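**Student:** Sharing entry14.txt here; it has compact mmCIF, N, CA and C atoms.
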```
# COMPACT_ATOMS: atom_id res chain seq x y z
N MET Z 15 130.27 185.49 69.23
CA MET Z 15 130.73 184.50 70.21
C MET Z 15 132.00 185.01 70.88
N VAL Z 16 132.14 184.77 72.17
CA VAL Z 16 133.28 185.22 72.95
C VAL Z 16 134.44 184.26 72.73
N GLU Z 17 135.65 184.81 72.60
CA GLU Z 17 136.83 183.96 72.41
C GLU Z 17 137.17 183.23 73.70
N VAL Z 18 137.75 182.04 73.55
CA VAL Z 18 138.15 181.23 74.70
C VAL Z 18 139.48 181.73 75.22
N ALA Z 19 139.59 181.83 76.53
CA ALA Z 19 140.84 182.28 77.15
C ALA Z 19 141.94 181.27 76.86
N MET Z 20 143.14 181.75 76.64
CA MET Z 20 144.27 180.88 76.33
C MET Z 20 144.57 179.91 77.47
N SER Z 21 144.31 180.29 78.71
CA SER Z 21 144.60 179.42 79.84
C SER Z 21 143.64 178.25 79.93
N ALA Z 22 142.61 178.26 79.11
CA ALA Z 22 141.64 177.17 79.13
C ALA Z 22 141.79 176.30 77.89
N GLY Z 23 143.00 176.11 77.44
CA GLY Z 23 143.26 175.39 76.21
C GLY Z 23 142.64 174.02 76.15
N VAL Z 24 142.61 173.29 77.28
CA VAL Z 24 142.05 171.94 77.25
C VAL Z 24 140.53 171.96 77.33
N ALA Z 25 139.95 173.11 77.59
CA ALA Z 25 138.49 173.20 77.72
C ALA Z 25 137.90 173.95 76.54
N GLU Z 26 138.54 173.83 75.37
CA GLU Z 26 138.07 174.55 74.20
C GLU Z 26 136.62 174.22 73.90
N GLY Z 27 135.93 175.19 73.37
CA GLY Z 27 134.55 174.98 72.99
C GLY Z 27 133.56 175.53 73.99
N HIS Z 28 134.02 175.94 75.16
CA HIS Z 28 133.08 176.52 76.12
C HIS Z 28 132.90 178.00 75.79
N ASP Z 29 131.89 178.61 76.35
CA ASP Z 29 131.62 180.01 76.03
C ASP Z 29 131.73 180.91 77.26
N VAL Z 30 132.67 180.58 78.15
CA VAL Z 30 132.89 181.39 79.34
C VAL Z 30 133.80 182.56 78.95
N PRO Z 31 133.38 183.79 79.24
CA PRO Z 31 134.21 184.95 78.92
C PRO Z 31 135.55 184.88 79.65
N PRO Z 32 136.63 185.34 79.01
CA PRO Z 32 137.96 185.27 79.62
C PRO Z 32 138.05 185.93 80.99
N ASP Z 33 137.36 187.05 81.20
CA ASP Z 33 137.43 187.72 82.50
C ASP Z 33 136.77 186.89 83.59
N VAL Z 34 135.71 186.18 83.25
CA VAL Z 34 135.05 185.30 84.23
C VAL Z 34 135.96 184.12 84.56
N LEU Z 35 136.56 183.54 83.53
CA LEU Z 35 137.48 182.43 83.75
C LEU Z 35 138.66 182.86 84.61
N ALA Z 36 139.21 184.04 84.34
CA ALA Z 36 140.33 184.56 85.14
C ALA Z 36 139.90 184.74 86.60
N GLY Z 37 138.66 185.20 86.82
CA GLY Z 37 138.15 185.36 88.19
C GLY Z 37 138.01 184.03 88.90
N VAL Z 38 137.53 183.02 88.19
CA VAL Z 38 137.39 181.69 88.79
C VAL Z 38 138.75 181.14 89.18
N ILE Z 39 139.73 181.28 88.28
CA ILE Z 39 141.08 180.79 88.57
C ILE Z 39 141.66 181.55 89.76
N TYR Z 40 141.44 182.86 89.84
CA TYR Z 40 141.92 183.66 90.97
C TYR Z 40 141.38 183.11 92.28
N TRP Z 41 140.07 182.89 92.35
CA TRP Z 41 139.46 182.45 93.61
C TRP Z 41 139.84 181.01 93.95
N LEU Z 42 140.04 180.18 92.93
CA LEU Z 42 140.50 178.82 93.20
C LEU Z 42 141.91 178.84 93.81
N ARG Z 43 142.79 179.66 93.23
CA ARG Z 43 144.14 179.78 93.78
C ARG Z 43 144.11 180.35 95.19
N LYS Z 44 143.29 181.38 95.40
CA LYS Z 44 143.19 182.02 96.72
C LYS Z 44 142.71 181.01 97.77
N GLY Z 45 141.85 180.10 97.38
CA GLY Z 45 141.34 179.08 98.29
C GLY Z 45 142.28 177.89 98.46
N GLY Z 46 143.43 177.95 97.79
CA GLY Z 46 144.40 176.87 97.93
C GLY Z 46 144.16 175.70 96.99
N HIS Z 47 143.29 175.87 96.02
CA HIS Z 47 143.00 174.79 95.08
C HIS Z 47 143.96 174.85 93.90
N ASN Z 48 144.28 173.69 93.39
CA ASN Z 48 145.10 173.61 92.19
C ASN Z 48 144.14 173.58 91.00
N TYR Z 49 144.01 174.70 90.30
CA TYR Z 49 143.05 174.78 89.22
C TYR Z 49 143.41 173.83 88.08
N MET Z 50 144.66 173.39 88.00
CA MET Z 50 145.03 172.44 86.94
C MET Z 50 144.34 171.10 87.14
N ASP Z 51 144.00 170.75 88.39
CA ASP Z 51 143.25 169.52 88.62
C ASP Z 51 141.91 169.56 87.92
N SER Z 52 141.29 170.73 87.86
CA SER Z 52 140.02 170.88 87.16
C SER Z 52 140.19 170.62 85.67
N PHE Z 53 141.29 171.11 85.11
CA PHE Z 53 141.54 170.87 83.69
C PHE Z 53 141.83 169.40 83.42
N LYS Z 54 142.54 168.75 84.35
CA LYS Z 54 142.79 167.31 84.21
C LYS Z 54 141.48 166.55 84.23
N TYR Z 55 140.54 166.99 85.07
CA TYR Z 55 139.23 166.36 85.12
C TYR Z 55 138.50 166.54 83.80
N ILE Z 56 138.60 167.73 83.21
CA ILE Z 56 137.95 167.98 81.91
C ILE Z 56 138.54 167.05 80.85
N VAL Z 57 139.85 166.90 80.85
CA VAL Z 57 140.50 166.00 79.90
C VAL Z 57 140.04 164.57 80.13
N TYR Z 58 139.96 164.15 81.40
CA TYR Z 58 139.49 162.80 81.74
C TYR Z 58 138.07 162.60 81.25
N ARG Z 59 137.20 163.56 81.49
CA ARG Z 59 135.80 163.45 81.06
C ARG Z 59 135.70 163.34 79.54
N THR Z 60 136.52 164.11 78.83
CA THR Z 60 136.52 164.06 77.37
C THR Z 60 136.97 162.68 76.92
N LYS Z 61 138.02 162.16 77.54
CA LYS Z 61 138.51 160.83 77.21
C LYS Z 61 137.47 159.77 77.54
N ALA Z 62 136.75 159.96 78.65
CA ALA Z 62 135.73 159.00 79.06
C ALA Z 62 134.59 158.93 78.04
N LEU Z 63 134.27 160.06 77.44
CA LEU Z 63 133.18 160.08 76.46
C LEU Z 63 133.63 159.67 75.07
N ASP Z 64 134.91 159.88 74.76
CA ASP Z 64 135.43 159.51 73.44
C ASP Z 64 135.97 158.09 73.39
N GLY Z 65 136.29 157.53 74.53
CA GLY Z 65 136.87 156.19 74.60
C GLY Z 65 138.34 156.26 74.94
N GLY Z 66 138.80 155.27 75.69
CA GLY Z 66 140.20 155.24 76.11
C GLY Z 66 140.51 153.95 76.82
N LYS Z 67 141.73 153.85 77.35
CA LYS Z 67 142.18 152.67 78.08
C LYS Z 67 141.94 152.92 79.56
N PHE Z 68 140.95 152.24 80.12
CA PHE Z 68 140.57 152.48 81.51
C PHE Z 68 140.80 151.28 82.42
N CYS Z 69 141.18 150.14 81.85
CA CYS Z 69 141.42 148.95 82.67
C CYS Z 69 142.72 149.13 83.45
N PHE Z 70 142.67 148.92 84.77
CA PHE Z 70 143.83 149.12 85.62
C PHE Z 70 144.79 147.94 85.61
N ASN Z 71 144.43 146.86 84.95
CA ASN Z 71 145.35 145.73 84.81
C ASN Z 71 146.45 146.16 83.84
N PRO Z 72 147.71 146.23 84.28
CA PRO Z 72 148.78 146.79 83.45
C PRO Z 72 148.94 146.14 82.08
N GLY Z 73 148.68 144.86 81.95
CA GLY Z 73 148.88 144.18 80.68
C GLY Z 73 147.71 144.29 79.72
N CYS Z 74 146.63 144.90 80.13
CA CYS Z 74 145.43 144.96 79.32
C CYS Z 74 145.49 146.13 78.34
N GLU Z 75 145.04 145.89 77.13
CA GLU Z 75 145.04 146.92 76.10
C GLU Z 75 143.62 147.23 75.60
N VAL Z 76 142.60 146.81 76.33
CA VAL Z 76 141.22 147.03 75.92
C VAL Z 76 140.90 148.52 75.98
N VAL Z 77 140.27 149.02 74.92
CA VAL Z 77 139.89 150.42 74.83
C VAL Z 77 138.37 150.49 74.72
N GLY Z 78 137.76 151.43 75.42
CA GLY Z 78 136.31 151.58 75.37
C GLY Z 78 135.85 152.79 76.16
N LEU Z 79 134.57 152.89 76.35
CA LEU Z 79 133.99 153.97 77.13
C LEU Z 79 134.10 153.65 78.61
N VAL Z 80 134.33 154.66 79.44
CA VAL Z 80 134.53 154.44 80.87
C VAL Z 80 133.32 153.75 81.50
N LYS Z 81 132.13 154.00 80.99
CA LYS Z 81 130.93 153.40 81.58
C LYS Z 81 130.87 151.89 81.38
N ASP Z 82 131.66 151.37 80.44
CA ASP Z 82 131.65 149.94 80.16
C ASP Z 82 132.64 149.16 81.02
N PHE Z 83 133.45 149.85 81.81
CA PHE Z 83 134.43 149.19 82.66
C PHE Z 83 133.87 149.05 84.07
N LYS Z 84 134.05 147.85 84.66
CA LYS Z 84 133.54 147.58 86.00
C LYS Z 84 134.43 148.21 87.06
N VAL Z 85 133.82 148.75 88.09
CA VAL Z 85 134.54 149.36 89.21
C VAL Z 85 134.78 148.31 90.28
N CYS Z 86 135.95 148.36 90.92
CA CYS Z 86 136.23 147.45 92.04
C CYS Z 86 135.15 147.65 93.10
N PRO Z 87 134.45 146.59 93.50
CA PRO Z 87 133.34 146.76 94.43
C PRO Z 87 133.75 147.20 95.84
N GLN Z 88 135.03 146.98 96.22
CA GLN Z 88 135.45 147.35 97.57
C GLN Z 88 135.91 148.81 97.65
N CYS Z 89 136.90 149.19 96.83
CA CYS Z 89 137.46 150.54 96.96
C CYS Z 89 136.82 151.54 96.00
N LYS Z 90 136.22 151.06 94.94
CA LYS Z 90 135.53 151.91 93.95
C LYS Z 90 136.46 152.98 93.34
N THR Z 91 137.76 152.67 93.26
CA THR Z 91 138.70 153.63 92.67
C THR Z 91 139.36 153.13 91.40
N VAL Z 92 139.30 151.85 91.13
CA VAL Z 92 139.92 151.30 89.91
C VAL Z 92 138.86 150.62 89.06
N ARG Z 93 139.13 150.50 87.77
CA ARG Z 93 138.19 149.91 86.83
C ARG Z 93 138.86 148.78 86.07
N TYR Z 94 138.03 147.83 85.64
CA TYR Z 94 138.52 146.68 84.87
C TYR Z 94 137.56 146.40 83.72
N CYS Z 95 138.14 145.86 82.63
CA CYS Z 95 137.33 145.56 81.45
C CYS Z 95 136.50 144.30 81.66
N GLY Z 96 136.91 143.44 82.59
CA GLY Z 96 136.15 142.22 82.84
C GLY Z 96 136.69 141.47 84.05
N ASP Z 97 136.06 140.33 84.34
CA ASP Z 97 136.43 139.53 85.51
C ASP Z 97 137.86 138.99 85.43
N ALA Z 98 138.31 138.60 84.24
CA ALA Z 98 139.65 138.04 84.10
C ALA Z 98 140.72 139.06 84.50
N CYS Z 99 140.59 140.29 84.02
CA CYS Z 99 141.56 141.33 84.37
C CYS Z 99 141.48 141.69 85.85
N GLN Z 100 140.28 141.73 86.39
CA GLN Z 100 140.12 142.06 87.80
C GLN Z 100 140.79 140.99 88.67
N THR Z 101 140.57 139.73 88.35
CA THR Z 101 141.16 138.62 89.11
C THR Z 101 142.68 138.64 88.99
N GLN Z 102 143.19 138.84 87.78
CA GLN Z 102 144.63 138.86 87.57
C GLN Z 102 145.28 140.02 88.34
N HIS Z 103 144.68 141.19 88.30
CA HIS Z 103 145.25 142.34 89.00
C HIS Z 103 145.12 142.18 90.51
N TRP Z 104 144.07 141.52 90.96
CA TRP Z 104 143.88 141.28 92.39
C TRP Z 104 144.95 140.34 92.92
N ASN Z 105 145.20 139.26 92.19
CA ASN Z 105 146.14 138.25 92.66
C ASN Z 105 147.60 138.61 92.39
N ALA Z 106 147.93 139.00 91.17
CA ALA Z 106 149.33 139.20 90.79
C ALA Z 106 149.72 140.67 90.64
N GLY Z 107 148.75 141.53 90.46
CA GLY Z 107 149.05 142.93 90.19
C GLY Z 107 149.19 143.82 91.40
N GLY Z 108 148.89 143.30 92.57
CA GLY Z 108 149.08 144.07 93.79
C GLY Z 108 147.87 144.84 94.28
N HIS Z 109 146.74 144.72 93.61
CA HIS Z 109 145.58 145.48 94.07
C HIS Z 109 145.05 144.96 95.39
N LYS Z 110 145.24 143.68 95.64
CA LYS Z 110 144.77 143.08 96.89
C LYS Z 110 145.37 143.80 98.10
N ALA Z 111 146.64 144.14 98.04
CA ALA Z 111 147.32 144.81 99.15
C ALA Z 111 146.91 146.27 99.28
N LYS Z 112 146.60 146.93 98.16
CA LYS Z 112 146.30 148.36 98.17
C LYS Z 112 144.82 148.66 98.32
N CYS Z 113 143.96 147.72 98.04
CA CYS Z 113 142.52 147.96 97.98
C CYS Z 113 141.97 148.50 99.29
N GLY Z 114 142.36 147.93 100.40
CA GLY Z 114 141.86 148.38 101.70
C GLY Z 114 142.29 149.81 102.02
N THR Z 115 143.52 150.16 101.64
CA THR Z 115 143.99 151.52 101.91
C THR Z 115 143.27 152.54 101.05
N PHE Z 116 142.96 152.18 99.80
CA PHE Z 116 142.17 153.06 98.93
C PHE Z 116 140.79 153.28 99.55
N ALA Z 117 140.19 152.20 100.00
CA ALA Z 117 138.83 152.27 100.54
C ALA Z 117 138.79 153.17 101.78
N SER Z 118 139.76 153.02 102.67
CA SER Z 118 139.75 153.82 103.90
C SER Z 118 140.08 155.28 103.63
N THR Z 119 140.86 155.55 102.58
CA THR Z 119 141.23 156.92 102.23
C THR Z 119 140.02 157.72 101.77
N PHE Z 120 139.11 157.08 101.05
CA PHE Z 120 137.98 157.80 100.46
C PHE Z 120 136.70 157.73 101.27
N ARG Z 121 136.75 157.19 102.46
CA ARG Z 121 135.54 157.12 103.31
C ARG Z 121 135.60 158.11 104.40
```
Represent the supplied structure as structure tokens.

**Tutor:**
Amino acid sequence: MVEVAMSAGVAEGHDVPPDVLAGVIYWLRKGGHNYMDSFKYIVYRTKALDGGKFCFNPGCEVVGLVKDFKVCPQCKTVRYCGDACQTQHWNAGGHKAKCGTFASTFR
């Protein structure tokens, strides 16, 4: 088995040869991409599959799988554990003011 490159510390367990990984990072940098964003995505995906706190309501402490959290139907960028948290964040948490700007940014 090929050893994992040290620069891929958060992506442990993959079997990409270090020279291939170095080449990918080189081309991502050359194209102006921040390769660390890819690693953040890997960490997010791992957390999504293992469970974590995904409710955007600041006072909520519910932990679960990302697939169990409802997405805001308008902007589709934030998640909530249920209707109560969504309503509270909409009215008092400020999502009502930001929701339209999120939606227009991603369309």

**Student:** Just the residues within 9 Å of Ala62 of chain Z, please, counting only C-alpha atoms, with nothing from its chain fewer than 5 positions along; format it as an NGL selection string.

**Tutor:** :Z and (57 or 68 or 78-81)

**Student:** At what distance in Å, to one decimal, does atom CA of Lys61 of chain Z lie from atom CA of Thr101 of chain Z?

**Tutor:**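 We find that atom CA of Thr101 of chain Z and atom CA of Lys61 of chain Z lie 25.3 Å from each other.
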
**Student:** Any idea what the distance is between atom CA of Arg93 of chain Z and atom C of Phe70 of chain Z?

**Tutor:** 7.0 Å

**Student:** Using only N, CA and C atoms for the distances, tell me which of Z:Gly45, Z:Lys112, Z:Pro72, Z:Arg59 is nearest to Cys99 of chain Z.

**Tutor:**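 Among the listed residues, Z:Pro72 lies closest to Cys99 of chain Z.
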
**Student:** Write out as an MDAnalysis selection string the residues lying within 6.5 Å of segment 102-107 of chain Z, counting all atoms listed in the file and excluding same-chain residues fewer than 4 positions away.

**Tutor:** chainID Z and resid 71 97:98

**Student:** Restricted to N, CA and C atoms, what would the selected residues look like written as a JSON list (two decimals), keeping the file's coordinate frame?

**Tutor:**
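Full text of again31.json as output:
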```
[["chain", "number", "residue", "atom", "x", "y", "z"],
["Z", 71, "ASN", "N", 144.43, 146.86, 84.95],
["Z", 71, "ASN", "CA", 145.35, 145.73, 84.81],
["Z", 71, "ASN", "C", 146.45, 146.16, 83.84],
["Z", 97, "ASP", "N", 136.06, 140.33, 84.34],
["Z", 97, "ASP", "CA", 136.43, 139.53, 85.51],
["Z", 97, "ASP", "C", 137.86, 138.99, 85.43],
["Z", 98, "ALA", "N", 138.31, 138.60, 84.24],
["Z", 98, "ALA", "CA", 139.65, 138.04, 84.10],
["Z", 98, "ALA", "C", 140.72, 139.06, 84.50]]
```

**Student:** How many Å separate atom N of Cys113 of chain Z from atom N of Glu75 of chain Z?

**Tutor:**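 According to the coordinates, atom N of Cys113 of chain Z and atom N of Glu75 of chain Z are separated by 21.0 Å.
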
**Student:** Just list the residues in segment 63-102 of chain Z DSSP gives helix (DSSP H, G or I) on the backbone, as a CSV table (one decimal) with N, CA and C atoms, keeping the file's coordinate frame.

**Tutor:**
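The result, written out as out05.csv:
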```csv
chain,number,residue,atom,x,y,z
Z,63,LEU,N,134.3,160.1,77.4
Z,63,LEU,CA,133.2,160.1,76.5
Z,63,LEU,C,133.6,159.7,75.1
Z,64,ASP,N,134.9,159.9,74.8
Z,64,ASP,CA,135.4,159.5,73.4
Z,64,ASP,C,136.0,158.1,73.4
Z,80,VAL,N,134.3,154.7,79.4
Z,80,VAL,CA,134.5,154.4,80.9
Z,80,VAL,C,133.3,153.8,81.5
Z,81,LYS,N,132.1,154.0,81.0
Z,81,LYS,CA,130.9,153.4,81.6
Z,81,LYS,C,130.9,151.9,81.4
Z,82,ASP,N,131.7,151.4,80.4
Z,82,ASP,CA,131.6,149.9,80.2
Z,82,ASP,C,132.6,149.2,81.0
Z,97,ASP,N,136.1,140.3,84.3
Z,97,ASP,CA,136.4,139.5,85.5
Z,97,ASP,C,137.9,139.0,85.4
Z,98,ALA,N,138.3,138.6,84.2
Z,98,ALA,CA,139.6,138.0,84.1
Z,98,ALA,C,140.7,139.1,84.5
Z,99,CYS,N,140.6,140.3,84.0
Z,99,CYS,CA,141.6,141.3,84.4
Z,99,CYS,C,141.5,141.7,85.8
Z,100,GLN,N,140.3,141.7,86.4
Z,100,GLN,CA,140.1,142.1,87.8
Z,100,GLN,C,140.8,141.0,88.7
Z,101,THR,N,140.6,139.7,88.4
Z,101,THR,CA,141.2,138.6,89.1
Z,101,THR,C,142.7,138.6,89.0
Z,102,GLN,N,143.2,138.8,87.8
Z,102,GLN,CA,144.6,138.9,87.6
Z,102,GLN,C,145.3,140.0,88.3
```

**Student:** Pick out the closest residue to Cys69 of chain Z from this set: Z:Ala111, Z:Val38, Z:Val85, Z:Cys95. Count only N, CA and C atoms.

**Tutor:**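 Among Z:Ala111, Z:Val38, Z:Val85, Z:Cys95, it is Z:Cys95 that comes nearest to Cys69 of chain Z.
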